[in-house]
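Structure file structure_34.cif (mmCIF, C-alpha atoms) is printed below.
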data_structure
#
loop_
_atom_site.group_PDB
_atom_site.id
_atom_site.type_symbol
_atom_site.label_atom_id
_atom_site.label_comp_id
_atom_site.auth_asym_id
_atom_site.auth_seq_id
_atom_site.Cartn_x
_atom_site.Cartn_y
_atom_site.Cartn_z
ATOM 1 C CA ARG A 1 13.420 0.137 -30.595
ATOM 2 C CA GLU A 2 10.804 -2.153 -32.018
ATOM 3 C CA ARG A 3 9.929 -5.210 -30.053
ATOM 4 C CA LYS A 4 7.826 -7.831 -31.752
ATOM 5 C CA GLY A 5 7.537 -11.417 -30.696
ATOM 6 C CA ARG A 6 6.024 -13.692 -28.119
ATOM 7 C CA ILE A 7 6.953 -14.087 -24.488
ATOM 8 C CA PRO A 8 6.941 -17.857 -23.753
ATOM 9 C CA THR A 9 4.457 -19.371 -21.358
ATOM 10 C CA THR A 10 5.363 -19.542 -17.693
ATOM 11 C CA MET A 11 5.522 -23.299 -18.069
ATOM 12 C CA ALA A 12 8.415 -25.174 -19.626
ATOM 13 C CA GLY A 13 6.077 -27.065 -21.929
ATOM 14 C CA ASP A 14 5.609 -30.056 -19.601
ATOM 15 C CA ALA A 15 2.593 -28.810 -17.651
ATOM 16 C CA ALA A 16 0.859 -31.612 -15.774
ATOM 17 C CA TRP A 17 -2.494 -30.298 -17.012
ATOM 18 C CA ARG A 18 -1.508 -30.215 -20.674
ATOM 19 C CA ASP A 19 -3.819 -33.097 -21.674
ATOM 20 C CA VAL A 20 -6.847 -32.153 -19.584
ATOM 21 C CA PRO A 21 -9.629 -29.860 -20.895
ATOM 22 C CA CYS A 22 -8.390 -26.249 -20.767
ATOM 23 C CA ALA A 23 -9.962 -22.804 -20.904
ATOM 24 C CA MET A 24 -8.338 -19.757 -22.510
ATOM 25 C CA GLY A 25 -9.034 -16.027 -22.243
ATOM 26 C CA ILE A 26 -7.832 -13.373 -24.696
ATOM 27 C CA ASP A 27 -7.624 -9.594 -24.358
ATOM 28 C CA GLU A 28 -5.567 -6.677 -25.654
ATOM 29 C CA ALA A 29 -3.954 -3.433 -24.538
ATOM 30 C CA GLY A 30 -3.125 -0.398 -26.644
ATOM 31 C CA ARG A 31 -5.701 -0.686 -29.401
ATOM 32 C CA GLY A 32 -6.699 2.984 -29.391
ATOM 33 C CA PRO A 33 -3.483 4.984 -28.763
ATOM 34 C CA VAL A 34 -1.624 6.670 -31.595
ATOM 35 C CA LEU A 35 1.755 5.504 -30.322
ATOM 36 C CA GLY A 36 3.455 2.348 -29.134
ATOM 37 C CA PRO A 37 2.601 -1.303 -29.767
ATOM 38 C CA MET A 38 -0.728 -3.035 -29.536
ATOM 39 C CA VAL A 39 -0.360 -6.097 -27.319
ATOM 40 C CA TYR A 40 -2.570 -9.164 -27.475
ATOM 41 C CA ALA A 41 -2.370 -11.701 -24.665
ATOM 42 C CA CYS A 42 -3.881 -15.027 -23.766
ATOM 43 C CA ALA A 43 -4.047 -16.824 -20.434
ATOM 44 C CA TYR A 44 -5.064 -20.446 -20.063
ATOM 45 C CA CYS A 45 -5.510 -23.122 -17.434
ATOM 46 C CA ALA A 46 -7.342 -26.374 -16.784
ATOM 47 C CA VAL A 47 -11.119 -25.945 -16.778
ATOM 48 C CA ASP A 48 -11.166 -27.362 -13.235
ATOM 49 C CA TYR A 49 -8.904 -24.479 -12.119
ATOM 50 C CA LEU A 50 -11.358 -21.740 -13.166
ATOM 51 C CA ASP A 51 -13.206 -21.835 -9.824
ATOM 52 C CA THR A 52 -9.927 -21.280 -7.981
ATOM 53 C CA LEU A 53 -9.084 -18.416 -10.350
ATOM 54 C CA ARG A 54 -12.390 -16.701 -9.565
ATOM 55 C CA LYS A 55 -11.415 -16.508 -5.891
ATOM 56 C CA GLN A 56 -8.238 -14.597 -6.686
ATOM 57 C CA ALA A 57 -7.915 -10.866 -7.291
ATOM 58 C CA TYR A 58 -7.882 -10.886 -11.090
ATOM 59 C CA ALA A 59 -9.924 -8.054 -12.583
ATOM 60 C CA ASP A 60 -10.048 -5.818 -15.627
ATOM 61 C CA SER A 61 -6.546 -4.319 -15.818
ATOM 62 C CA LYS A 62 -7.987 -0.824 -16.349
ATOM 63 C CA THR A 63 -9.544 -0.938 -12.859
ATOM 64 C CA LEU A 64 -6.236 -1.839 -11.183
ATOM 65 C CA SER A 65 -3.307 0.374 -10.259
ATOM 66 C CA GLU A 66 0.049 -0.135 -11.919
ATOM 67 C CA GLU A 67 1.411 -1.680 -8.729
ATOM 68 C CA GLU A 68 -1.529 -4.090 -8.486
ATOM 69 C CA ARG A 69 -1.064 -5.181 -12.094
ATOM 70 C CA GLU A 70 2.653 -5.787 -11.593
ATOM 71 C CA THR A 71 1.960 -7.823 -8.431
ATOM 72 C CA LEU A 72 -0.649 -9.954 -10.161
ATOM 73 C CA LEU A 73 1.620 -10.619 -13.137
ATOM 74 C CA GLU A 74 4.338 -11.817 -10.773
ATOM 75 C CA ALA A 75 1.762 -14.124 -9.179
ATOM 76 C CA MET A 76 0.872 -15.427 -12.663
ATOM 77 C CA LYS A 77 4.523 -16.210 -13.305
ATOM 78 C CA GLN A 78 4.675 -18.268 -10.123
ATOM 79 C CA ASP A 79 1.363 -20.080 -10.637
ATOM 80 C CA GLU A 80 2.084 -23.543 -12.029
ATOM 81 C CA ASN A 81 -1.583 -23.967 -12.915
ATOM 82 C CA LEU A 82 -1.706 -20.948 -15.217
ATOM 83 C CA ALA A 83 0.079 -20.194 -18.495
ATOM 84 C CA TRP A 84 0.113 -17.081 -20.679
ATOM 85 C CA LYS A 85 1.555 -15.609 -23.867
ATOM 86 C CA VAL A 86 1.683 -12.188 -25.491
ATOM 87 C CA ASP A 87 1.887 -10.981 -29.079
ATOM 88 C CA VAL A 88 3.494 -7.529 -29.352
ATOM 89 C CA ILE A 89 2.512 -5.786 -32.591
ATOM 90 C CA SER A 90 4.720 -2.755 -33.185
ATOM 91 C CA ALA A 91 3.487 0.647 -34.364
ATOM 92 C CA LYS A 92 5.521 0.157 -37.533
ATOM 93 C CA GLU A 93 3.805 -3.145 -38.318
ATOM 94 C CA LEU A 94 0.357 -1.699 -37.617
ATOM 95 C CA SER A 95 0.979 1.253 -39.942
ATOM 96 C CA GLY A 96 2.517 -0.943 -42.631
ATOM 97 C CA LYS A 97 -0.488 -3.264 -42.729
ATOM 98 C CA MET A 98 -3.047 -0.475 -42.618
ATOM 99 C CA LEU A 99 -1.394 1.666 -45.316
ATOM 100 C CA ARG A 100 -0.297 -0.970 -47.828
ATOM 101 C CA ALA A 101 -2.017 -1.403 -51.196
ATOM 102 C CA GLU A 102 -4.139 -4.307 -49.930
ATOM 103 C CA LYS A 103 -5.114 -2.698 -46.647
ATOM 104 C CA CYS A 104 -5.599 -4.711 -43.472
ATOM 105 C CA ASN A 105 -7.799 -2.918 -40.937
ATOM 106 C CA LEU A 106 -7.286 -2.942 -37.179
ATOM 107 C CA ASN A 107 -10.099 -5.427 -36.543
ATOM 108 C CA THR A 108 -8.544 -7.938 -38.941
ATOM 109 C CA ILE A 109 -5.103 -7.485 -37.371
ATOM 110 C CA SER A 110 -6.679 -8.057 -33.947
ATOM 111 C CA HIS A 111 -8.528 -11.185 -35.076
ATOM 112 C CA GLN A 112 -5.369 -12.615 -36.647
ATOM 113 C CA SER A 113 -3.352 -12.044 -33.487
ATOM 114 C CA ALA A 114 -5.995 -13.706 -31.295
ATOM 115 C CA MET A 115 -6.198 -16.730 -33.580
ATOM 116 C CA GLU A 116 -2.405 -17.066 -33.680
ATOM 117 C CA LEU A 117 -2.320 -17.194 -29.879
ATOM 118 C CA VAL A 118 -4.929 -19.947 -29.809
ATOM 119 C CA GLN A 119 -3.133 -21.896 -32.534
ATOM 120 C CA LYS A 120 0.193 -21.618 -30.717
ATOM 121 C CA ALA A 121 -1.262 -23.205 -27.569
ATOM 122 C CA LEU A 122 -2.882 -25.971 -29.618
ATOM 123 C CA ASP A 123 0.404 -26.626 -31.423
ATOM 124 C CA GLU A 124 2.080 -27.053 -28.042
ATOM 125 C CA GLY A 125 -0.396 -29.786 -27.202
ATOM 126 C CA PHE A 126 -2.740 -27.935 -24.846
ATOM 127 C CA HIS A 127 -6.306 -29.248 -25.049
ATOM 128 C CA ILE A 128 -8.224 -25.951 -25.339
ATOM 129 C CA GLN A 129 -11.967 -26.611 -25.018
ATOM 130 C CA GLU A 130 -13.294 -23.218 -23.917
ATOM 131 C CA LEU A 131 -12.328 -19.814 -25.308
ATOM 132 C CA TYR A 132 -13.393 -16.469 -23.807
ATOM 133 C CA VAL A 133 -12.667 -13.334 -25.821
ATOM 134 C CA ASP A 134 -13.292 -9.614 -25.402
ATOM 135 C CA THR A 135 -15.125 -8.576 -28.550
ATOM 136 C CA VAL A 136 -13.574 -6.690 -31.455
ATOM 137 C CA GLY A 137 -16.264 -5.504 -33.834
ATOM 138 C CA ASP A 138 -19.555 -7.358 -33.972
ATOM 139 C CA PRO A 139 -19.556 -10.127 -31.300
ATOM 140 C CA ASP A 140 -21.627 -12.600 -33.346
ATOM 141 C CA ARG A 141 -19.461 -12.262 -36.441
ATOM 142 C CA TYR A 142 -16.288 -12.571 -34.386
ATOM 143 C CA LYS A 143 -17.650 -15.660 -32.650
ATOM 144 C CA HIS A 144 -18.559 -17.215 -36.000
ATOM 145 C CA LYS A 145 -15.067 -16.477 -37.339
ATOM 146 C CA LEU A 146 -13.385 -18.102 -34.325
ATOM 147 C CA SER A 147 -15.749 -21.085 -34.349
ATOM 148 C CA GLU A 148 -15.028 -21.707 -38.031
ATOM 149 C CA ARG A 149 -11.287 -21.632 -37.418
ATOM 150 C CA PHE A 150 -11.488 -23.766 -34.247
ATOM 151 C CA PRO A 151 -14.575 -26.004 -34.598
ATOM 152 C CA GLY A 152 -13.662 -28.127 -31.583
ATOM 153 C CA ILE A 153 -13.624 -25.196 -29.150
ATOM 154 C CA ARG A 154 -16.655 -23.678 -27.383
ATOM 155 C CA VAL A 155 -16.305 -19.937 -28.043
ATOM 156 C CA THR A 156 -17.734 -17.093 -25.945
ATOM 157 C CA VAL A 157 -17.330 -13.523 -27.241
ATOM 158 C CA LYS A 158 -18.600 -10.760 -24.950
ATOM 159 C CA PRO A 159 -18.104 -7.015 -24.553
ATOM 160 C CA LYS A 160 -16.185 -6.270 -21.341
ATOM 161 C CA ALA A 161 -15.156 -9.919 -21.099
ATOM 162 C CA ASP A 162 -12.162 -8.820 -18.995
ATOM 163 C CA SER A 163 -14.568 -7.866 -16.213
ATOM 164 C CA LEU A 164 -16.752 -10.975 -16.600
ATOM 165 C CA PHE A 165 -14.265 -13.839 -16.811
ATOM 166 C CA PRO A 166 -11.161 -14.038 -14.574
ATOM 167 C CA ILE A 167 -9.223 -15.939 -17.249
ATOM 168 C CA VAL A 168 -9.721 -12.934 -19.579
ATOM 169 C CA SER A 169 -8.783 -10.601 -16.712
ATOM 170 C CA ALA A 170 -5.484 -12.468 -16.376
ATOM 171 C CA ALA A 171 -4.852 -11.998 -20.108
ATOM 172 C CA SER A 172 -5.752 -8.319 -19.775
ATOM 173 C CA ILE A 173 -3.153 -7.881 -17.017
ATOM 174 C CA ALA A 174 -0.444 -9.600 -19.073
ATOM 175 C CA ALA A 175 -1.220 -7.400 -22.089
ATOM 176 C CA LYS A 176 -1.354 -4.131 -20.116
ATOM 177 C CA VAL A 177 1.864 -4.701 -18.138
ATOM 178 C CA THR A 178 3.712 -5.759 -21.296
ATOM 179 C CA ARG A 179 2.629 -2.637 -23.188
ATOM 180 C CA ASP A 180 3.381 -0.320 -20.251
ATOM 181 C CA ASN A 181 6.872 -1.777 -19.933
ATOM 182 C CA ALA A 182 7.435 -1.492 -23.692
ATOM 183 C CA LEU A 183 6.680 2.253 -23.526
ATOM 184 C CA LYS A 184 8.601 2.760 -20.306
ATOM 185 C CA ASN A 185 11.717 1.102 -21.721
ATOM 186 C CA TRP A 186 11.345 2.374 -25.291
ATOM 187 C CA GLU A 187 14.621 3.353 -26.959
ATOM 188 C CA PHE A 188 14.219 5.680 -29.917
ATOM 189 C CA GLY A 189 16.187 4.230 -32.828
ATOM 190 C CA GLU A 190 16.289 7.570 -34.632
ATOM 191 C CA SER A 191 19.295 9.857 -34.259
ATOM 192 C CA ALA A 192 17.191 12.847 -33.216
ATOM 193 C CA GLN A 193 16.408 13.462 -29.549
ATOM 194 C CA PHE A 194 12.801 13.109 -28.392
ATOM 195 C CA ASP A 195 11.290 13.888 -25.022
ATOM 196 C CA ARG A 196 8.826 11.487 -23.400
ATOM 197 C CA GLU A 197 6.109 13.954 -22.506
ATOM 198 C CA PHE A 198 3.660 12.369 -24.958
ATOM 199 C CA GLY A 199 0.768 12.081 -22.507
ATOM 200 C CA SER A 200 -1.544 9.076 -22.560
ATOM 201 C CA GLY A 201 -0.966 8.386 -26.244
ATOM 202 C CA TYR A 202 -4.666 8.636 -27.071
ATOM 203 C CA PRO A 203 -5.573 10.876 -30.057
ATOM 204 C CA SER A 204 -7.946 12.980 -27.929
ATOM 205 C CA ASP A 205 -5.240 13.842 -25.377
ATOM 206 C CA PRO A 206 -4.058 17.478 -25.893
ATOM 207 C CA ALA A 207 -0.580 16.565 -24.574
ATOM 208 C CA THR A 208 -0.294 13.792 -27.169
ATOM 209 C CA LYS A 209 -1.414 16.139 -29.952
ATOM 210 C CA ARG A 210 1.153 18.760 -28.899
ATOM 211 C CA TRP A 211 3.920 16.128 -28.802
ATOM 212 C CA LEU A 212 3.051 14.870 -32.282
ATOM 213 C CA ALA A 213 2.980 18.376 -33.754
ATOM 214 C CA ALA A 214 6.322 19.223 -32.133
ATOM 215 C CA HIS A 215 8.038 15.992 -33.271
ATOM 216 C CA CYS A 216 6.889 15.785 -36.875
ATOM 217 C CA HIS A 217 9.796 15.976 -39.332
ATOM 218 C CA ARG A 218 8.759 17.698 -42.563
ATOM 219 C CA VAL A 219 10.299 14.953 -44.726
ATOM 220 C CA PHE A 220 10.521 11.816 -42.596
ATOM 221 C CA GLY A 221 7.413 12.259 -40.466
ATOM 222 C CA PHE A 222 7.363 10.696 -37.005
ATOM 223 C CA PRO A 223 9.690 8.332 -35.112
ATOM 224 C CA SER A 224 8.939 4.602 -35.322
ATOM 225 C CA LEU A 225 7.054 4.743 -32.022
ATOM 226 C CA ILE A 226 4.170 6.440 -33.841
ATOM 227 C CA ARG A 227 1.360 4.831 -35.821
ATOM 228 C CA PHE A 228 1.403 6.771 -39.098
ATOM 229 C CA SER A 229 -1.941 5.264 -40.120
ATOM 230 C CA TRP A 230 -3.936 7.019 -37.380
ATOM 231 C CA GLN A 231 -5.999 10.000 -38.599
ATOM 232 C CA THR A 232 -4.427 12.279 -36.004
ATOM 233 C CA CYS A 233 -1.049 11.624 -37.638
ATOM 234 C CA THR A 234 -2.172 11.908 -41.254
ATOM 235 C CA ARG A 235 -3.708 15.320 -40.575
ATOM 236 C CA ILE A 236 -0.467 16.597 -39.043
ATOM 237 C CA LEU A 237 1.603 15.080 -41.856
ATOM 238 C CA ASP A 238 -0.599 16.638 -44.544
ATOM 239 C CA ASP A 239 -0.419 19.993 -42.777
ATOM 240 C CA GLN A 240 3.288 20.070 -41.859
ATOM 241 C CA GLY A 241 4.913 17.613 -44.278
ATOM 242 C CA VAL A 242 6.571 18.450 -47.581
ATOM 243 C CA GLN A 243 4.527 17.661 -50.672
ATOM 244 C CA VAL A 244 6.547 15.779 -53.283
ATOM 245 C CA THR A 245 6.149 16.063 -57.063
ATOM 246 C CA TRP A 246 7.412 13.179 -59.196
ATOM 247 C CA GLU A 247 8.169 13.510 -62.913
ATOM 248 C CA CYS A 248 7.613 10.420 -65.069
ATOM 249 C CA GLU A 249 8.807 10.391 -68.664
ATOM 250 C CA GLU A 250 6.871 8.442 -71.279
ATOM 251 C CA GLU A 251 8.625 6.388 -73.924
ATOM 252 C CA GLU A 252 6.739 8.288 -76.593
ATOM 253 C CA GLU A 253 7.624 11.900 -77.132
ATOM 254 C CA THR A 254 4.584 13.320 -75.481
ATOM 255 C CA GLY A 255 6.447 15.147 -72.739
ATOM 256 C CA PRO A 256 6.903 14.414 -69.037
ATOM 257 C CA LYS A 257 3.976 13.757 -66.730
ATOM 258 C CA GLN A 258 3.723 14.785 -63.116
ATOM 259 C CA ARG A 259 1.913 13.623 -60.041
ATOM 260 C CA LYS A 260 1.922 14.746 -56.444
ATOM 261 C CA LEU A 261 2.264 12.511 -53.426
ATOM 262 C CA SER A 262 1.513 13.113 -49.772
ATOM 263 C CA PHE A 263 2.952 10.989 -46.966
ATOM 264 C CA THR A 264 0.240 8.334 -46.947
ATOM 265 C CA THR A 265 -1.767 8.729 -50.162
ATOM 266 C CA ALA A 266 -1.240 10.043 -53.638
ATOM 267 C CA ASP A 267 -2.956 13.238 -54.800
ATOM 268 C CA GLY A 268 -4.509 13.923 -51.384
ATOM 269 C CA GLY A 269 -6.243 10.568 -51.061
ATOM 270 C CA LYS A 270 -7.100 9.918 -54.730
ATOM 271 C CA ALA A 271 -5.541 7.188 -56.815
ATOM 272 C CA ALA A 272 -2.051 8.058 -58.075
ATOM 273 C CA LYS A 273 -2.414 9.055 -61.741
ATOM 274 C CA ASP A 274 -0.428 11.162 -64.173
ATOM 275 C CA THR A 275 -1.764 14.612 -64.812
ATOM 276 C CA GLU A 276 -2.358 13.454 -68.398
ATOM 277 C CA GLY A 277 -3.312 10.138 -69.892
ATOM 278 C CA GLY A 278 -5.168 8.719 -66.869
ATOM 279 C CA HIS A 279 -2.633 5.973 -66.167
ATOM 280 C CA GLN A 280 0.593 5.580 -64.211
ATOM 281 C CA GLN A 281 3.986 5.885 -65.853
ATOM 282 C CA ARG A 282 7.112 4.228 -64.506
ATOM 283 C CA PRO A 283 10.185 6.437 -63.889
ATOM 284 C CA PRO A 284 13.130 5.992 -66.308
ATOM 285 C CA PHE A 285 15.259 4.674 -63.421
ATOM 286 C CA PHE A 286 13.245 1.441 -63.369
ATOM 287 C CA LYS A 287 12.794 1.161 -67.131
ATOM 288 C CA SER A 288 16.519 1.514 -67.896
ATOM 289 C CA ARG A 289 17.425 -1.153 -65.356
ATOM 290 C CA ARG A 290 14.667 -3.531 -66.497
ATOM 291 C CA ILE A 291 13.209 -3.644 -62.992
ATOM 292 C CA ASP A 292 9.742 -5.144 -63.151
ATOM 293 C CA ARG A 293 6.976 -4.488 -60.642
ATOM 294 C CA ILE A 294 5.932 -7.677 -58.866
ATOM 295 C CA LEU A 295 3.555 -6.046 -56.358
ATOM 296 C CA GLY A 296 0.879 -3.468 -56.818
ATOM 297 C CA PRO A 297 1.726 0.184 -56.035
ATOM 298 C CA PHE A 298 1.499 1.209 -52.382
#
Written as structure tokens, that's how I'd like the structure from this file.
Amino acid sequence: RERKGRIPTTMAGDAAWRDVPCAMGIDEAGRGPVLGPMVYACAYCAVDYLDTLRKQAYADSKTLSEEERETLLEAMKQDENLAWKVDVISAKELSGKMLRAEKCNLNTISHQSAMELVQKALDEGFHIQELYVDTVGDPDRYKHKLSERFPGIRVTVKPKADSLFPIVSAASIAAKVTRDNALKNWEFGESAQFDREFGSGYPSDPATKRWLAAHCHRVFGFPSLIRFSWQTCTRILDDQGVQVTWECEEEEETGPKQRKLSFTTADGGKAAKDTEGGHQQRPPFFKSRRIDRILGPF
């Protein structure tokens, strides 16, 4: 089932170092896969504690074994000088934002999540002075965006920041372990039965492609674990899904109009228009019940 929310910091909110200058690192896990949540995480500590952190075994989570990551996360939970949070963004939320009428791309979703994590720590009274972030998109633009939002914080945005700054490495570990556990403990909410042989979850993985093709319902598409907005999915949906034709009757006696819809876009990616007239017509169901549209069409 979907899991979205934030795991609280390891502290109870009364950290002795709350009012001293702090440094924060931010990283993510699960940005590229076609299934499961994307997890953003932050780790933060007093600036004076950074030297101690460098002497510990924190490293880019991708270079560590699963056992090593689990051990380090347990150490983070016990470390009174270190706090962390995660933001778990479900596949359903990712797809919804990326496919809605006013689309929100993955970079924007990532930036918003990172900024929410910073703001949450500030709201709790932590004096964040330094921020280290693994880049998403252009590093300079991302840095400018963060600096505008948080003018009192010294921002560093670097590619591979999780291998350069231990505080980002700690965030990387929190994000990776959280995502791995979310997939490991995933409970399909759908009534159908699904196996778990979905491979790495990356679009280039042949095992993932086979799983998607085998578990695509012709009408309802994929289970909620899957990110419908990924190209790998839209190609399978367009190939295997049922195409739907809607009839819309005009008030004037000019005859019914028709348009075709795919799973994710109307008319194979073009704007949804009637086959005549060049503009959309509302179905009689809505007209007869005086239901007005308050949002643009999806």
Within 10 Å of segment 167-172 of chain A: each segment 106-138 of chain A residue with its shortest pair, only C-alpha atoms, as a tab-separated table:
residue	atom	partner	partner_atom	distance
A:Leu131	CA	A:Val168	CA	9.3
A:Tyr132	CA	A:Val168	CA	6.6
A:Val133	CA	A:Val168	CA	6.9
A:Asp134	CA	A:Val168	CA	7.6
- Task: With a distance cut-off of 9 Å and only C-alpha atoms, select the neighbouring residues of Thr178 of chain A, excluding the residue or stretch itself and same-chain residues fewer than 3 positions from it, and output the selection as a list in words.
- Result: Ala29, Val39, Val86, Val88, Ile173, Ala174, Ala175, Asn181, Ala182 and Leu183 of chain A
- Residue nearest Glu66 of chain A among A:Lys176, A:Phe286, A:Gly96, A:Asp87 (counting all atoms listed in the file):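 Smallest separation from Glu66 of chain A among the options: A:Lys176.
Between Ser65 of chain A and the candidates A:Ser113, A:Glu130, A:Val177, A:Arg154, the tightest atom-to-atom separation, counting all atoms listed in the file, involves A:Val177.
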Nearby residues (all atoms listed in the file) at most 12 Å from Lys97 of chain A, same-chain spacing under 2 positions excluded, as a PDB file with C-alpha atoms, in the frame of the given file:
ATOM      1  CA  ILE A  89       2.512  -5.786 -32.591  1.00  0.00           C
ATOM      2  CA  SER A  90       4.720  -2.755 -33.185  1.00  0.00           C
ATOM      3  CA  ALA A  91       3.487   0.647 -34.364  1.00  0.00           C
ATOM      4  CA  LYS A  92       5.521   0.157 -37.533  1.00  0.00           C
ATOM      5  CA  GLU A  93       3.805  -3.145 -38.318  1.00  0.00           C
ATOM      6  CA  LEU A  94       0.357  -1.699 -37.617  1.00  0.00           C
ATOM      7  CA  SER A  95       0.979   1.253 -39.942  1.00  0.00           C
ATOM      8  CA  LEU A  99      -1.394   1.666 -45.316  1.00  0.00           C
ATOM      9  CA  ARG A 100      -0.297  -0.970 -47.828  1.00  0.00           C
ATOM     10  CA  ALA A 101      -2.017  -1.403 -51.196  1.00  0.00           C
ATOM     11  CA  GLU A 102      -4.139  -4.307 -49.930  1.00  0.00           C
ATOM     12  CA  LYS A 103      -5.114  -2.698 -46.647  1.00  0.00           C
ATOM     13  CA  CYS A 104      -5.599  -4.711 -43.472  1.00  0.00           C
ATOM     14  CA  ASN A 105      -7.799  -2.918 -40.937  1.00  0.00           C
ATOM     15  CA  LEU A 106      -7.286  -2.942 -37.179  1.00  0.00           C
ATOM     16  CA  ASN A 107     -10.099  -5.427 -36.543  1.00  0.00           C
ATOM     17  CA  THR A 108      -8.544  -7.938 -38.941  1.00  0.00           C
ATOM     18  CA  ILE A 109      -5.103  -7.485 -37.371  1.00  0.00           C
ATOM     19  CA  SER A 110      -6.679  -8.057 -33.947  1.00  0.00           C
ATOM     20  CA  ARG A 227       1.360   4.831 -35.821  1.00  0.00           C
ATOM     21  CA  PHE A 228       1.403   6.771 -39.098  1.00  0.00           C
ATOM     22  CA  SER A 229      -1.941   5.264 -40.120  1.00  0.00           C
ATOM     23  CA  PHE A 298       1.499   1.209 -52.382  1.00  0.00           C
TER      24      PHE A 298
END
- Item | Counting only C-alpha atoms, the residue of A:Val157, A:Leu146, A:Leu225, A:Ile236 that sits nearest Asn185 of chain A | A:Leu225
- Task: Would you list the contacts of Ala16 of chain A as a ChimeraX atom specification, taking every protein, DNA or RNA residue within 12 Å and counting all atoms listed in the file, but skipping same-chain residues closer than 5 positions in sequence?
- Result: /A:11,21-22,45-46,80-83,125-127
- Query: Can you tell me how far atom CA of Gly189 of chain A sits from atom CA of Gly201 of chain A, in Å to one decimal?
  - Reply: 18.8 Å
- Item | atom CA of Leu164 of chain A to atom CA of Ala59 of chain A, straight-line distance in Å |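 Between these atoms lies a distance of 8.4 Å.
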Evaluate the PyMOL selection byres ((chain A and resi 144) around 12) and report residues as a short mmCIF file (atom, residue, chain, number, x, y, z; two decimals) with C-alpha atoms, in the coordinates of the input:
data_model
loop_
_atom_site.label_atom_id
_atom_site.label_comp_id
_atom_site.auth_asym_id
_atom_site.auth_seq_id
_atom_site.Cartn_x
_atom_site.Cartn_y
_atom_site.Cartn_z
CA HIS A 111 -8.53 -11.18 -35.08
CA THR A 135 -15.12 -8.58 -28.55
CA ASP A 138 -19.56 -7.36 -33.97
CA PRO A 139 -19.56 -10.13 -31.30
CA ASP A 140 -21.63 -12.60 -33.35
CA ARG A 141 -19.46 -12.26 -36.44
CA TYR A 142 -16.29 -12.57 -34.39
CA LYS A 143 -17.65 -15.66 -32.65
CA LYS A 145 -15.07 -16.48 -37.34
CA LEU A 146 -13.38 -18.10 -34.33
CA SER A 147 -15.75 -21.08 -34.35
CA GLU A 148 -15.03 -21.71 -38.03
CA ARG A 149 -11.29 -21.63 -37.42
CA PHE A 150 -11.49 -23.77 -34.25
CA PRO A 151 -14.58 -26.00 -34.60
CA ILE A 153 -13.62 -25.20 -29.15
CA ARG A 154 -16.66 -23.68 -27.38
CA VAL A 155 -16.30 -19.94 -28.04
CA THR A 156 -17.73 -17.09 -25.94
CA VAL A 157 -17.33 -13.52 -27.24
#
- Nearest-residue call for Phe220 of chain A, choices A:Cys233, A:Val242, A:Ala41, A:Ala121, using all atoms listed in the file: A:Val242
- How many Å separate atom CA of Leu117 of chain A from atom CA of Tyr40 of chain A? 8.4 Å
- Item | Distance criterion (only C-alpha atoms): nearest to Ser224 of chain A out of A:Val47, A:Ile128, A:Met24, A:Val34 | A:Val34
